[in-house]
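Peer 1: Okay, so here is target-v2.cif, and as you'll see once you scroll down, it has mmCIF, C-alpha atoms.
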data_my_file
loop_
_atom_site.label_atom_id
_atom_site.label_comp_id
_atom_site.auth_asym_id
_atom_site.auth_seq_id
_atom_site.Cartn_x
_atom_site.Cartn_y
_atom_site.Cartn_z
CA VAL A 9 -31.75 -0.95 23.66
CA VAL A 10 -32.33 0.78 26.99
CA LYS A 11 -32.17 -0.53 30.53
CA ASP A 12 -34.32 0.57 33.46
CA LYS A 13 -33.55 0.34 37.18
CA HIS A 14 -34.89 -3.21 37.31
CA GLU A 15 -32.45 -4.32 34.57
CA ALA A 16 -35.30 -4.97 32.11
CA TYR A 17 -34.56 -4.22 28.47
CA VAL A 18 -36.94 -2.34 26.17
CA LYS A 19 -36.75 -0.99 22.61
CA VAL A 20 -35.61 2.61 22.14
CA SER A 21 -38.63 3.22 19.88
CA GLU A 22 -40.92 2.45 22.83
CA VAL A 23 -39.34 5.09 25.10
CA LYS A 24 -41.48 8.26 25.29
CA PRO A 25 -39.35 10.70 27.31
CA THR A 26 -40.28 14.16 28.49
CA VAL A 27 -36.65 15.06 29.21
CA ILE A 28 -33.25 13.59 28.29
CA THR A 29 -29.83 14.50 29.70
CA VAL A 30 -26.33 13.20 29.02
CA ASN A 31 -25.32 11.02 31.96
CA SER A 32 -22.10 9.40 30.69
CA THR A 33 -18.64 10.65 31.61
CA THR A 34 -16.26 8.60 29.44
CA HIS A 35 -17.66 9.35 25.96
CA LYS A 36 -15.44 10.90 23.28
CA THR A 37 -15.36 14.72 23.16
CA SER A 38 -12.05 15.38 21.38
CA TYR A 39 -11.73 14.82 17.62
CA TYR A 40 -9.34 15.55 14.78
CA GLN A 41 -10.37 17.09 11.49
CA GLY A 42 -12.02 14.46 9.30
CA ASP A 43 -12.91 12.08 12.13
CA ASP A 44 -16.24 10.28 12.25
CA ILE A 45 -18.51 10.63 15.26
CA ASN A 46 -17.84 8.05 17.96
CA VAL A 47 -20.72 7.27 20.31
CA ALA A 48 -19.03 4.49 22.29
CA ASN A 49 -19.90 4.89 26.02
CA LEU A 50 -22.25 7.81 25.23
CA THR A 51 -25.54 7.47 27.14
CA VAL A 52 -28.43 9.69 28.11
CA GLU A 53 -30.89 9.46 30.97
CA ALA A 54 -34.47 9.58 29.69
CA THR A 55 -37.21 10.60 32.09
CA THR A 56 -40.75 9.57 31.14
CA ALA A 57 -44.03 11.25 32.13
CA ASP A 58 -44.52 8.97 35.15
CA GLY A 59 -41.04 9.76 36.45
CA THR A 60 -39.37 6.55 35.33
CA LYS A 61 -35.72 7.03 34.48
CA LEU A 62 -34.06 4.93 31.78
CA THR A 63 -30.48 4.83 30.53
CA VAL A 64 -30.28 4.90 26.72
CA ASN A 65 -27.23 4.02 24.64
CA VAL A 66 -26.83 6.73 21.98
CA THR A 67 -26.54 5.56 18.35
CA PRO A 68 -25.08 7.57 15.42
CA ASP A 69 -28.55 8.18 13.91
CA MET A 70 -29.49 10.11 17.07
CA ILE A 71 -26.66 12.64 16.50
CA SER A 72 -26.85 15.90 14.53
CA GLY A 73 -24.75 19.05 14.26
CA PHE A 74 -21.36 17.31 14.14
CA ASP A 75 -19.02 18.52 11.38
CA SER A 76 -15.40 17.44 11.73
CA SER A 77 -14.35 19.57 8.76
CA LYS A 78 -14.71 22.63 11.02
CA LEU A 79 -12.15 23.32 13.71
CA GLY A 80 -13.01 24.44 17.22
CA THR A 81 -15.76 23.79 19.75
CA GLN A 82 -19.06 22.42 18.46
CA THR A 83 -22.40 21.79 20.12
CA VAL A 84 -23.73 18.37 19.14
CA THR A 85 -27.43 17.51 19.48
CA ILE A 86 -28.83 14.17 20.61
CA THR A 87 -32.46 13.50 19.70
CA LEU A 88 -34.56 10.71 21.22
CA ASN A 89 -38.17 10.42 20.05
CA GLY A 90 -38.70 14.18 19.92
CA CYS A 91 -36.64 15.16 22.98
CA GLU A 92 -33.26 16.84 22.59
CA THR A 93 -30.15 17.46 24.63
CA THR A 94 -26.68 18.70 23.71
CA TYR A 95 -23.02 18.23 24.58
CA ASN A 96 -19.82 19.92 23.41
CA VAL A 97 -16.94 18.47 21.40
CA GLU A 98 -13.62 19.91 20.24
CA VAL A 99 -12.29 19.40 16.68
CA LYS A 100 -8.51 19.87 16.37
CA ASP A 101 -6.19 20.26 13.40
CA ILE A 102 -4.23 17.16 12.46
CA LYS A 103 -0.56 17.14 13.43
CA VAL A 104 1.44 14.17 12.15
CA THR A 105 4.49 12.93 14.04
CA GLU A 106 7.09 11.06 11.96
CA ILE A 107 8.76 8.06 13.56
CA ASN A 108 11.62 6.00 12.10
CA VAL A 109 11.86 2.41 13.32
CA THR A 110 13.58 -0.83 12.32
CA ALA A 111 11.43 -3.73 11.17
CA SER A 112 12.28 -5.80 14.23
CA ASP A 113 11.18 -3.00 16.59
CA ALA A 114 8.16 -1.79 14.60
CA ALA A 115 5.42 -3.79 16.35
CA ASP A 116 6.54 -2.77 19.85
CA LYS A 117 6.87 0.91 18.85
CA ILE A 118 3.40 0.92 17.27
CA LYS A 119 1.89 -0.46 20.49
CA GLU A 120 3.44 2.44 22.43
CA LEU A 121 1.94 5.22 20.25
CA THR A 122 -0.45 7.64 21.94
CA ILE A 123 -4.14 6.92 21.44
CA GLY A 124 -5.83 9.42 19.13
CA GLU A 125 -2.64 10.99 17.75
CA TYR A 126 -1.50 10.82 14.10
CA TYR A 127 1.79 9.19 13.08
CA ASN A 128 3.81 8.45 9.96
CA VAL A 129 5.70 5.28 10.89
CA LYS A 130 8.62 4.75 8.50
CA VAL A 131 10.00 1.22 8.74
CA SER A 132 13.41 0.07 7.48
CA GLY A 133 15.22 -3.26 7.40
CA GLU A 134 14.28 -6.83 6.53
CA ILE A 135 10.73 -8.05 7.18
CA THR A 136 10.25 -11.77 7.85
CA GLY A 137 6.87 -13.49 7.96
CA GLU A 138 6.91 -13.39 11.77
CA ILE A 139 7.76 -9.69 11.85
CA MET A 140 4.98 -8.92 9.36
CA GLY A 141 2.50 -10.85 11.48
CA ASN A 142 3.55 -8.90 14.57
CA ILE A 143 3.14 -5.57 12.74
CA CYS A 144 -0.35 -6.56 11.54
CA GLU A 145 -1.41 -7.48 15.08
CA ALA A 146 0.04 -4.28 16.52
CA MET A 147 -2.19 -2.22 14.21
CA VAL A 148 -5.23 -3.44 16.26
CA ARG A 149 -8.16 -5.09 14.51
CA ASP A 150 -11.48 -3.64 15.59
CA PRO A 151 -14.52 -5.23 13.86
CA ALA A 152 -16.95 -3.32 16.09
CA GLY A 153 -15.37 0.06 15.32
CA ILE A 154 -15.37 1.30 18.92
CA LYS A 155 -11.73 1.08 20.04
CA GLU A 156 -9.67 4.24 20.35
CA THR A 157 -6.21 3.81 18.83
CA ALA A 158 -3.39 5.84 17.34
CA ARG A 159 -3.88 6.78 13.66
CA ILE A 160 -1.05 5.40 11.59
CA LYS A 161 0.33 5.75 8.08
CA LEU A 162 2.53 2.68 7.73
CA ASP A 163 5.43 3.31 5.32
CA LEU A 164 7.17 0.05 4.38
CA GLY A 165 8.83 1.56 1.32
CA ASN A 166 12.38 1.14 2.66
CA THR A 167 12.02 -2.47 3.82
CA THR A 168 13.22 -5.67 2.17
CA GLY A 169 12.05 -9.28 2.21
CA LEU A 170 8.30 -8.65 1.97
CA THR A 171 6.74 -10.42 -1.02
CA SER A 172 3.03 -10.61 -0.20
CA ILE A 173 0.22 -9.16 1.89
CA GLY A 174 -1.79 -12.20 2.91
CA TYR A 175 -5.50 -12.97 3.19
CA GLY A 176 -7.05 -10.59 5.74
CA ALA A 177 -3.65 -9.32 6.86
CA PHE A 178 -4.85 -5.85 7.90
CA GLU A 179 -8.62 -6.46 7.98
CA TYR A 180 -10.51 -4.15 10.39
CA CYS A 181 -7.36 -2.11 11.14
CA ARG A 182 -9.37 1.06 11.59
CA SER A 183 -6.27 2.83 12.90
CA MET A 184 -4.56 2.67 9.50
CA THR A 185 -4.72 5.96 7.56
CA GLY A 186 -2.31 5.00 4.78
CA ILE A 187 0.14 2.36 3.62
CA VAL A 188 3.18 2.36 1.33
CA LEU A 189 4.18 -1.11 0.10
CA PRO A 190 7.80 -1.82 -0.87
CA GLU A 191 9.14 -2.92 -4.23
CA GLY A 192 9.25 -6.72 -4.19
CA VAL A 193 5.66 -7.30 -3.08
CA THR A 194 3.95 -9.30 -5.83
CA TYR A 195 0.62 -10.28 -4.27
CA ILE A 196 -2.18 -8.62 -2.26
CA GLY A 197 -4.56 -11.20 -0.84
CA TYR A 198 -8.32 -11.50 -0.53
CA GLU A 199 -9.73 -8.96 1.98
CA ALA A 200 -6.19 -7.89 2.87
CA PHE A 201 -7.42 -4.40 3.87
CA LEU A 202 -11.10 -5.18 4.46
CA SER A 203 -12.91 -2.47 6.47
CA CYS A 204 -9.86 -0.30 7.08
CA SER A 205 -12.32 2.55 7.46
CA SER A 206 -9.68 5.27 8.05
CA LEU A 207 -7.55 4.29 5.06
CA THR A 208 -7.19 7.21 2.62
CA SER A 209 -4.01 6.41 0.65
CA VAL A 210 -2.39 3.27 -0.76
CA VAL A 211 0.86 3.12 -2.75
CA ILE A 212 1.38 -0.15 -4.66
CA PRO A 213 4.75 -0.85 -6.35
CA ASP A 214 5.34 -2.01 -9.91
CA SER A 215 6.26 -5.48 -8.64
CA VAL A 216 2.64 -6.32 -7.70
CA THR A 217 1.16 -8.73 -10.26
CA LYS A 218 -2.04 -9.81 -8.53
CA ILE A 219 -4.65 -8.15 -6.34
CA GLU A 220 -7.40 -10.46 -5.08
CA GLU A 221 -11.09 -9.59 -4.88
CA ARG A 222 -12.27 -7.45 -1.97
CA ALA A 223 -8.70 -6.50 -1.11
CA PHE A 224 -9.93 -2.97 -0.27
CA SER A 225 -13.62 -3.67 0.31
CA ASN A 226 -15.44 -1.35 2.71
CA CYS A 227 -12.50 1.06 2.93
CA VAL A 228 -15.05 3.86 3.01
CA LYS A 229 -12.57 6.76 2.85
CA LEU A 230 -10.40 5.27 0.11
CA THR A 231 -11.28 6.80 -3.27
CA LYS A 232 -8.03 6.30 -5.14
CA ILE A 233 -5.17 3.81 -5.22
CA ASN A 234 -1.75 4.66 -6.63
CA VAL A 235 -1.20 1.51 -8.70
CA SER A 236 1.19 1.43 -11.65
CA ALA A 237 0.01 0.75 -15.22
CA ASN A 238 2.88 -1.74 -15.34
CA ASN A 239 1.09 -4.10 -12.96
CA LEU A 240 0.34 -7.17 -15.04
CA ASN A 241 -3.12 -8.17 -13.85
CA TYR A 242 -4.89 -5.23 -12.26
CA CYS A 243 -5.23 -1.49 -12.70
CA THR A 244 -7.45 1.38 -11.65
CA SER A 245 -9.70 3.50 -13.80
CA GLU A 246 -8.69 7.01 -14.87
CA ASP A 247 -10.47 8.54 -11.88
CA GLY A 248 -8.85 5.97 -9.60
CA LYS A 249 -12.09 4.65 -8.12
CA ILE A 250 -12.57 1.35 -9.97
CA LEU A 251 -10.21 -1.61 -9.69
CA TYR A 252 -10.25 -3.70 -12.89
CA ASN A 253 -8.32 -6.56 -14.33
CA LYS A 254 -5.69 -5.43 -16.83
CA ASP A 255 -7.88 -5.32 -19.95
CA LYS A 256 -10.74 -3.70 -17.98
CA THR A 257 -13.20 -6.49 -18.82
CA GLU A 258 -13.76 -7.48 -15.19
CA LEU A 259 -14.75 -5.17 -12.35
CA ILE A 260 -12.85 -6.41 -9.29
CA GLU A 261 -14.20 -3.81 -6.89
CA TYR A 262 -15.41 -0.25 -6.80
CA LEU A 263 -13.66 1.73 -4.07
CA SER A 264 -15.94 3.55 -1.63
CA ALA A 265 -18.98 3.15 -3.88
CA SER A 266 -21.70 5.67 -3.00
CA GLY A 267 -24.50 7.52 -4.74
CA ASP A 268 -24.94 6.62 -8.41
CA VAL A 269 -22.42 4.31 -10.09
CA GLU A 270 -22.27 3.77 -13.85
CA ILE A 271 -20.18 0.77 -14.82
CA PRO A 272 -18.34 1.56 -18.09
CA ASP A 273 -19.22 -0.17 -21.33
CA GLY A 274 -16.80 -2.98 -22.15
CA VAL A 275 -16.91 -4.60 -18.73
CA ILE A 276 -17.93 -8.25 -19.25
CA THR A 277 -17.85 -9.52 -15.66
CA ILE A 278 -18.75 -7.93 -12.35
CA GLY A 279 -16.63 -9.92 -9.94
CA ARG A 280 -17.66 -11.81 -6.83
CA GLU A 281 -18.54 -9.34 -4.04
CA ALA A 282 -17.33 -6.46 -6.26
CA LEU A 283 -19.57 -3.86 -4.60
CA CYS A 284 -20.33 -5.82 -1.42
CA GLY A 285 -20.75 -3.61 1.64
CA SER A 286 -21.24 -0.34 -0.27
CA SER A 287 -23.88 0.81 2.20
CA ASN A 288 -24.23 4.31 0.63
CA LEU A 289 -24.66 3.06 -2.93
CA THR A 290 -28.12 4.04 -4.22
CA SER A 291 -28.11 3.28 -7.95
CA VAL A 292 -26.09 1.16 -10.40
CA THR A 293 -26.16 1.31 -14.20
CA ILE A 294 -24.92 -1.88 -15.87
CA PRO A 295 -24.02 -1.78 -19.60
CA ASP A 296 -25.13 -4.34 -22.18
CA SER A 297 -21.58 -5.67 -22.37
CA VAL A 298 -21.91 -7.34 -18.95
CA LYS A 299 -22.60 -11.08 -19.25
CA THR A 300 -21.83 -12.28 -15.73
CA VAL A 301 -22.52 -10.88 -12.25
CA GLY A 302 -20.58 -12.69 -9.52
CA MET A 303 -21.95 -14.12 -6.30
CA SER A 304 -22.80 -11.51 -3.65
CA ALA A 305 -21.76 -8.68 -5.99
CA PHE A 306 -24.29 -6.36 -4.30
CA SER A 307 -24.54 -7.91 -0.83
CA TYR A 308 -25.07 -5.46 2.05
CA CYS A 309 -25.77 -2.54 -0.32
CA ARG A 310 -28.47 -1.40 2.07
CA SER A 311 -29.31 1.84 0.26
CA LEU A 312 -29.39 0.35 -3.25
CA THR A 313 -32.86 0.86 -4.74
CA ASN A 314 -32.22 0.92 -8.48
CA VAL A 315 -30.20 -1.31 -10.82
#
The structure in this file should be written as structure tokens.
Peer 2:
Amino acid sequence: VVKDKHEAYVKVSEVKPTVITVNSTTHKTSYYQGDDINVANLTVEATTADGTKLTVNVTPDMISGFDSSKLGTQTVTITLNGCETTYNVEVKDIKVTEINVTASDAADKIKELTIGEYYNVKVSGEITGEIMGNICEAMVRDPAGIKETARIKLDLGNTTGLTSIGYGAFEYCRSMTGIVLPEGVTYIGYEAFLSCSSLTSVVIPDSVTKIEERAFSNCVKLTKINVSANNLNYCTSEDGKILYNKDKTELIEYLSASGDVEIPDGVITIGREALCGSSNLTSVTIPDSVKTVGMSAFSYCRSLTNV
């Protein structure tokens, strides 16, 4: 959507500019290695043939030339209906700062962390339900994916008293890069880590006996979970990408599903919402052993063209 000087709104596809220039000043230009492009507050001024000037909100599909695997200054291109302009960004190497905090102080310390920096927050002491709730809230839920926060690996390995991670506890915590759960946790709830899009590592202790459906759904950077074979109800596949029930007859979810997925023979049930939200999934092969496909198993698989 674009807005002209009379505050009228028109579709971007209808704008036919002759020239575009970046006219925002608060857009993101500093990134760390591995970051995704962030176009929040990024706008261009589009000038049409008759001299009309329109302000256009830039969307990710208008961006090219960004590669956060490469360090240094990069020139990023914005394209709007055939017209191009550029702006520079800086990609920096990740430096992780380790912080040791007590459970009672953890939430307040997390809120004080510098936006954009990486931290390993090691928590010790007893965690009550109230303390856990405060820690979850301090991690900042961001459904829209536009807030700038600190990037945090939350290490609860040396805490006591925590027995479960509840329904939606850390959902949309896009600041979370990793989590270590302590021995004593037995349960991980439905959508506990839903859409933690920066989450790359999860350590689950032997004490966990149940992981609900969609616990890690839409964690797009999470390709493997360290979960013990001793866990009674759930386990991962050999490559770490598929989360099954213990006897591998039910597919609970497929972590970061993309491209072509072949579900192994022997799976009888594809669970409810098992691959829901796998927007980069293009093809699924289902074996003859499957008898049941759960509700919304393939919802929001926008690129899926072949089953």
Peer 1: Name the residues within 9 Å of (15.4, -1.8, 7.1), counting only C-alpha atoms in the file's coordinates, and put them as a PDB file with C-alpha atoms, in the coordinates of the input.
Peer 2:
ATOM      1  CA  VAL A 109      11.860   2.410  13.320  1.00  0.00           C
ATOM      2  CA  THR A 110      13.580  -0.830  12.320  1.00  0.00           C
ATOM      3  CA  ALA A 111      11.430  -3.730  11.170  1.00  0.00           C
ATOM      4  CA  SER A 112      12.280  -5.800  14.230  1.00  0.00           C
ATOM      5  CA  VAL A 131      10.000   1.220   8.740  1.00  0.00           C
ATOM      6  CA  SER A 132      13.410   0.070   7.480  1.00  0.00           C
ATOM      7  CA  GLY A 133      15.220  -3.260   7.400  1.00  0.00           C
ATOM      8  CA  GLU A 134      14.280  -6.830   6.530  1.00  0.00           C
ATOM      9  CA  ILE A 135      10.730  -8.050   7.180  1.00  0.00           C
ATOM     10  CA  LEU A 164       7.170   0.050   4.380  1.00  0.00           C
ATOM     11  CA  ASN A 166      12.380   1.140   2.660  1.00  0.00           C
ATOM     12  CA  THR A 167      12.020  -2.470   3.820  1.00  0.00           C
ATOM     13  CA  THR A 168      13.220  -5.670   2.170  1.00  0.00           C
TER      14      THR A 168
END
Peer 1: Select, from A:Thr231, A:Ser72, A:Thr257, A:Asn89, the residue with the minimum atom-to-atom distance to Ser21 in chain A, counting all atoms listed in the file.
Peer 2: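 Checking each of A:Thr231, A:Ser72, A:Thr257, A:Asn89 against Ser21 in chain A, counting all atoms listed in the file, the winner is A:Asn89.
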Peer 1: Using CA of Ser76 in chain A and CA of Gly42 in chain A as the two end points, give the distance in Å to one decimal.
Peer 2: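 Here the two named atoms are 5.1 Å from each other.
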Peer 1: Near Ile28 in chain A, within 12 Å and counting only C-alpha atoms, which residues show up once chain neighbours fewer than 2 positions away are dropped, as a ChimeraX atom specification?
Peer 2: /A:23-26,30-31,51-57,59-66,85-95
Peer 1: Take the selection from the previous step and output its residues with C-alpha atoms, as a short mmCIF file (atom, residue, chain, number, x, y, z; two decimals), in the coordinates of the input.
Peer 2:
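Saved to out-v9.cif:
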data_model
loop_
_atom_site.label_atom_id
_atom_site.label_comp_id
_atom_site.auth_asym_id
_atom_site.auth_seq_id
_atom_site.Cartn_x
_atom_site.Cartn_y
_atom_site.Cartn_z
CA VAL A 23 -39.34 5.09 25.10
CA LYS A 24 -41.48 8.26 25.29
CA PRO A 25 -39.35 10.70 27.31
CA THR A 26 -40.28 14.16 28.49
CA VAL A 30 -26.33 13.20 29.02
CA ASN A 31 -25.32 11.02 31.96
CA THR A 51 -25.54 7.47 27.14
CA VAL A 52 -28.43 9.69 28.11
CA GLU A 53 -30.89 9.46 30.97
CA ALA A 54 -34.47 9.58 29.69
CA THR A 55 -37.21 10.60 32.09
CA THR A 56 -40.75 9.57 31.14
CA ALA A 57 -44.03 11.25 32.13
CA GLY A 59 -41.04 9.76 36.45
CA THR A 60 -39.37 6.55 35.33
CA LYS A 61 -35.72 7.03 34.48
CA LEU A 62 -34.06 4.93 31.78
CA THR A 63 -30.48 4.83 30.53
CA VAL A 64 -30.28 4.90 26.72
CA ASN A 65 -27.23 4.02 24.64
CA VAL A 66 -26.83 6.73 21.98
CA THR A 85 -27.43 17.51 19.48
CA ILE A 86 -28.83 14.17 20.61
CA THR A 87 -32.46 13.50 19.70
CA LEU A 88 -34.56 10.71 21.22
CA ASN A 89 -38.17 10.42 20.05
CA GLY A 90 -38.70 14.18 19.92
CA CYS A 91 -36.64 15.16 22.98
CA GLU A 92 -33.26 16.84 22.59
CA THR A 93 -30.15 17.46 24.63
CA THR A 94 -26.68 18.70 23.71
CA TYR A 95 -23.02 18.23 24.58
#
Peer 1: As a check of understanding, name the residues that the PyMOL selection byres ((chain A and resi 34) around 12) selects in the supplied structure, as a PyMOL selection string.
Peer 2: chain A and resi 30-33+35-38+46-51
Peer 1: Could you check the closest approach to Glu270 in chain A for each of A:Met147, A:Leu162, A:Ile294, A:Leu251 and tell me which residue wins, using only C-alpha atoms?
Peer 2: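 Closest candidate: A:Ile294.
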Peer 1: What is the CA of Asp150 in chain A to CA of Val228 in chain A distance in Å?
Peer 2: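 About the pair CA of Asp150 in chain A and CA of Val228 in chain A: they are 15.1 Å apart.
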Peer 1: To verify the selection step, state as a PDB file with C-alpha atoms, in the coordinates of the input which residues the PyMOL selection byres ((chain A and resi 192-204) around 6) yields on this input.
Peer 2:
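Now in part_30.pdb:
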ATOM      1  CA  LEU A 170       8.300  -8.650   1.970  1.00  0.00           C
ATOM      2  CA  THR A 171       6.740 -10.420  -1.020  1.00  0.00           C
ATOM      3  CA  SER A 172       3.030 -10.610  -0.200  1.00  0.00           C
ATOM      4  CA  ILE A 173       0.220  -9.160   1.890  1.00  0.00           C
ATOM      5  CA  GLY A 174      -1.790 -12.200   2.910  1.00  0.00           C
ATOM      6  CA  TYR A 175      -5.500 -12.970   3.190  1.00  0.00           C
ATOM      7  CA  GLY A 176      -7.050 -10.590   5.740  1.00  0.00           C
ATOM      8  CA  ALA A 177      -3.650  -9.320   6.860  1.00  0.00           C
ATOM      9  CA  PHE A 178      -4.850  -5.850   7.900  1.00  0.00           C
ATOM     10  CA  GLU A 179      -8.620  -6.460   7.980  1.00  0.00           C
ATOM     11  CA  TYR A 180     -10.510  -4.150  10.390  1.00  0.00           C
ATOM     12  CA  CYS A 181      -7.360  -2.110  11.140  1.00  0.00           C
ATOM     13  CA  ARG A 182      -9.370   1.060  11.590  1.00  0.00           C
ATOM     14  CA  GLU A 191       9.140  -2.920  -4.230  1.00  0.00           C
ATOM     15  CA  SER A 205     -12.320   2.550   7.460  1.00  0.00           C
ATOM     16  CA  SER A 206      -9.680   5.270   8.050  1.00  0.00           C
ATOM     17  CA  LEU A 207      -7.550   4.290   5.060  1.00  0.00           C
ATOM     18  CA  SER A 215       6.260  -5.480  -8.640  1.00  0.00           C
ATOM     19  CA  VAL A 216       2.640  -6.320  -7.700  1.00  0.00           C
ATOM     20  CA  THR A 217       1.160  -8.730 -10.260  1.00  0.00           C
ATOM     21  CA  LYS A 218      -2.040  -9.810  -8.530  1.00  0.00           C
ATOM     22  CA  ILE A 219      -4.650  -8.150  -6.340  1.00  0.00           C
ATOM     23  CA  GLU A 220      -7.400 -10.460  -5.080  1.00  0.00           C
ATOM     24  CA  GLU A 221     -11.090  -9.590  -4.880  1.00  0.00           C
ATOM     25  CA  ARG A 222     -12.270  -7.450  -1.970  1.00  0.00           C
ATOM     26  CA  ALA A 223      -8.700  -6.500  -1.110  1.00  0.00           C
ATOM     27  CA  PHE A 224      -9.930  -2.970  -0.270  1.00  0.00           C
ATOM     28  CA  SER A 225     -13.620  -3.670   0.310  1.00  0.00           C
ATOM     29  CA  ASN A 226     -15.440  -1.350   2.710  1.00  0.00           C
ATOM     30  CA  CYS A 227     -12.500   1.060   2.930  1.00  0.00           C
TER      31      CYS A 227
END
Peer 1: Please write as a list in words the full residue list that the PyMOL selection byres ((chain A and resi 143) around 9) yields on this file.
Peer 2: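 Those residues are Ala111, Ala114, Ala115, Asp116, Ile118, Glu138, Ile139, Met140, Gly141, Asn142, Cys144, Glu145, Ala146 and Met147 of chain A.
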Peer 1: For the structure just given, write the atoms of range 265-277 of chain A, namely N, CA, C and O atoms, as an mmCIF file, in the first residue's frame.
Peer 2:
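What landed in decode.cif:
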data_model
loop_
_atom_site.group_PDB
_atom_site.id
_atom_site.type_symbol
_atom_site.label_atom_id
_atom_site.label_comp_id
_atom_site.auth_asym_id
_atom_site.auth_seq_id
_atom_site.Cartn_x
_atom_site.Cartn_y
_atom_site.Cartn_z
ATOM 1 N N ALA A 265 10.218 -27.500 7.775
ATOM 2 C CA ALA A 265 9.987 -28.214 6.523
ATOM 3 C C ALA A 265 10.120 -27.274 5.328
ATOM 4 O O ALA A 265 9.525 -26.206 5.291
ATOM 5 N N SER A 266 10.923 -27.670 4.346
ATOM 6 C CA SER A 266 11.083 -26.888 3.123
ATOM 7 C C SER A 266 11.484 -27.827 1.997
ATOM 8 O O SER A 266 11.954 -28.944 2.235
ATOM 9 N N GLY A 267 11.264 -27.383 0.771
ATOM 10 C CA GLY A 267 11.624 -28.199 -0.375
ATOM 11 C C GLY A 267 10.782 -29.454 -0.452
ATOM 12 O O GLY A 267 9.566 -29.430 -0.271
ATOM 13 N N ASP A 268 11.428 -30.588 -0.721
ATOM 14 C CA ASP A 268 10.742 -31.872 -0.839
ATOM 15 C C ASP A 268 10.883 -32.661 0.458
ATOM 16 O O ASP A 268 11.989 -32.853 0.956
ATOM 17 N N VAL A 269 9.776 -33.147 0.987
ATOM 18 C CA VAL A 269 9.774 -33.957 2.201
ATOM 19 C C VAL A 269 9.209 -35.332 1.882
ATOM 20 O O VAL A 269 8.137 -35.449 1.285
ATOM 21 N N GLU A 270 9.945 -36.379 2.265
ATOM 22 C CA GLU A 270 9.465 -37.745 2.115
ATOM 23 C C GLU A 270 9.248 -38.328 3.498
ATOM 24 O O GLU A 270 10.199 -38.511 4.261
ATOM 25 N N ILE A 271 7.989 -38.591 3.827
ATOM 26 C CA ILE A 271 7.659 -39.148 5.128
ATOM 27 C C ILE A 271 8.001 -40.634 5.121
ATOM 28 O O ILE A 271 7.575 -41.368 4.226
ATOM 29 N N PRO A 272 8.774 -41.110 6.087
ATOM 30 C CA PRO A 272 9.256 -42.498 6.071
ATOM 31 C C PRO A 272 8.128 -43.531 6.157
ATOM 32 O O PRO A 272 7.092 -43.284 6.780
ATOM 33 N N ASP A 273 8.355 -44.657 5.531
ATOM 34 C CA ASP A 273 7.419 -45.768 5.616
ATOM 35 C C ASP A 273 7.326 -46.239 7.067
ATOM 36 O O ASP A 273 8.322 -46.244 7.791
ATOM 37 N N GLY A 274 6.140 -46.617 7.485
ATOM 38 C CA GLY A 274 5.919 -47.037 8.868
ATOM 39 C C GLY A 274 5.118 -46.034 9.656
ATOM 40 O O GLY A 274 4.495 -46.374 10.666
ATOM 41 N N VAL A 275 5.128 -44.767 9.210
ATOM 42 C CA VAL A 275 4.301 -43.753 9.856
ATOM 43 C C VAL A 275 2.836 -44.056 9.545
ATOM 44 O O VAL A 275 2.458 -44.221 8.384
ATOM 45 N N ILE A 276 2.000 -44.145 10.567
ATOM 46 C CA ILE A 276 0.583 -44.459 10.396
ATOM 47 C C ILE A 276 -0.269 -43.193 10.423
ATOM 48 O O ILE A 276 -1.244 -43.066 9.685
ATOM 49 N N THR A 277 0.141 -42.234 11.238
ATOM 50 C CA THR A 277 -0.642 -41.009 11.422
ATOM 51 C C THR A 277 0.223 -39.775 11.223
ATOM 52 O O THR A 277 1.321 -39.687 11.782
#
